[in-house]
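Have a look at the structure below, then the notes.
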Amino acid sequence: MRKLGWITFAALVFGLIGIWLIGSLLSRPTPSVIAAAASPAQDVWIKTGDGLDIAGTYRPGNSLSAPGILLLHGNGASRAATDSNAAWLTEQGFATLTIDFRGHGESDVSDHSFGLFEARDARAAFDWLGKRQGGARIGVIGISLGGAAALLGDEGPLPADALVLQAVYPDIRAAIRNRLAERLGGVLATLGEPLLSYQSWLRQGVGPDRLSPLAAMPMAKAPVLVIGGADDVYTPEAETRALFAAAGGPKEMWIVPGLGHAAMSDANTQAYRARVGAFFARVLKVEMRSPSSSEEG
């Protein structure tokens, strides 16, 4: 009986160690090399409020006071993932800024925090772009992690003039559970999710309830366009609708047929650009050009 007890204890200890290692794997930095910007674009470095150096690429607009768009990438990606849409927006006359979140791309190495500390990067970049454009209106496109970072700031959501939230998880517990369920099934997802979610106390110093874009959504003042993929199993349509419902100001929603999480995160089609472009044109009060006919719908 005593031997069985020791075996059970050892299994529990090794199981907890294994879960911790899985959390470490999910949080690990994902650095990458980004191609140097071609003129008139320029690579820039931005200092965050907590002292990290964030890599970015700035593209000037059609004037020194043109409205700006800050593009925030998803987890594990880099500013390269938003490069084509940034170039398109610049063609429309906007100034754009793409950044690598901490622990991503060429920015300072740091563990991923699923939007909590990345929000500091987003705020530093937002302030930098606003200053560069002389106080002009600033819009934000936040993709998955980027959308969470746009909402989870220490002082609340970014004070943007227009906000596009794309494939954004409602809270970290749902995000983890959905991803586990896709790989392991519902029962193991239900059992394993708390063991990963509550690591936030040790890793980020907050409970998982702090990692909730859904809870932060009512504090966002800007007109918002919430976009989700109809086939996204990581952020299902019902969760996108819940995020939309939580917005307290002017809001629009677009559920895109046939797109899962990855395709929704990387969307750059003619249909996508027409929808996002029309939103920014109306809210930021600019005249947009038609999307290139070479893009697929």
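In the structure tokens, chains take letters A, B, ... by order of appearance, with residues numbered from 1 within each chain and ligands from 1 in the order shown.
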Point to revise | Sel. of helix (DSSP H, G or I) residues, region 97-281 of chain A, as a VMD selection string | key: chain A and resid 118 to 132 145 to 151 172 to 184 186 to 197 200 to 203 208 to 210 213 to 219 237 to 246 261 to 265 270 to 281
Practice item. Fewer than 5 positions away in the same chain doesn't count, so skip those; otherwise give me all residues within 10 Å of region 182-188 of chain A, counting only C-alpha atoms, as a list of chain:residue names. Key: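 Neighbouring residues, sequence-local ones excluded: A:Arg177, A:Glu193, A:Val233, A:Tyr234.
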Exercise for review: Tell me, in Å to one decimal, how far CA of Leu195 (chain A) is from CA of Gly115 (chain A).
Suggested key: 19.2 Å
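Surrounding region 209-218 of chain A within 7 Å are Leu116, Ala148, Leu151, Leu152, Pro170, Asp171, Ile172, Leu243, Ala246, Ala247 and Gly248 of chain A, with only C-alpha atoms counted and residues fewer than 5 positions along the same chain left out.
The coordinates place CA of Gly103 (chain A) at 28.4 Å from CA of Gly61 (chain A).
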Exercise for review: Pick out the closest residue to His73 (chain A) from this set: A:Arg203, A:Arg282, A:His104, A:His112. Count only C-alpha atoms.
Suggested key: A:His104
Contact check, region 86-114 of chain A to region 131-138 of chain A, at most 10 Å, counting only C-alpha atoms, closest pairs as a Markdown table:
| residue | atom | partner | partner_atom | distance |
| --- | --- | --- | --- | --- |
| A:Phe94 | CA | A:Ile138 | CA | 9.4 |
| A:Ala95 | CA | A:Gln133 | CA | 7.8 |
| A:Thr96 | CA | A:Ile138 | CA | 9.4 |
For the residues in the current selection, export N, CA, C and O atoms as a PDB file, in the first residue's frame.
ATOM      1  N   PHE A  94      -2.489  56.315 -45.745  1.00  0.00           N
ATOM      2  CA  PHE A  94      -2.235  56.226 -44.311  1.00  0.00           C
ATOM      3  C   PHE A  94      -0.740  56.084 -44.022  1.00  0.00           C
ATOM      4  O   PHE A  94       0.003  55.480 -44.802  1.00  0.00           O
ATOM      5  N   ALA A  95      -0.292  56.609 -42.906  1.00  0.00           N
ATOM      6  CA  ALA A  95       0.991  56.201 -42.337  1.00  0.00           C
ATOM      7  C   ALA A  95       0.743  54.909 -41.562  1.00  0.00           C
ATOM      8  O   ALA A  95      -0.320  54.735 -40.967  1.00  0.00           O
ATOM      9  N   THR A  96       1.678  53.992 -41.591  1.00  0.00           N
ATOM     10  CA  THR A  96       1.495  52.729 -40.879  1.00  0.00           C
ATOM     11  C   THR A  96       2.711  52.405 -40.029  1.00  0.00           C
ATOM     12  O   THR A  96       3.833  52.797 -40.343  1.00  0.00           O
TER      13      THR A  96
END
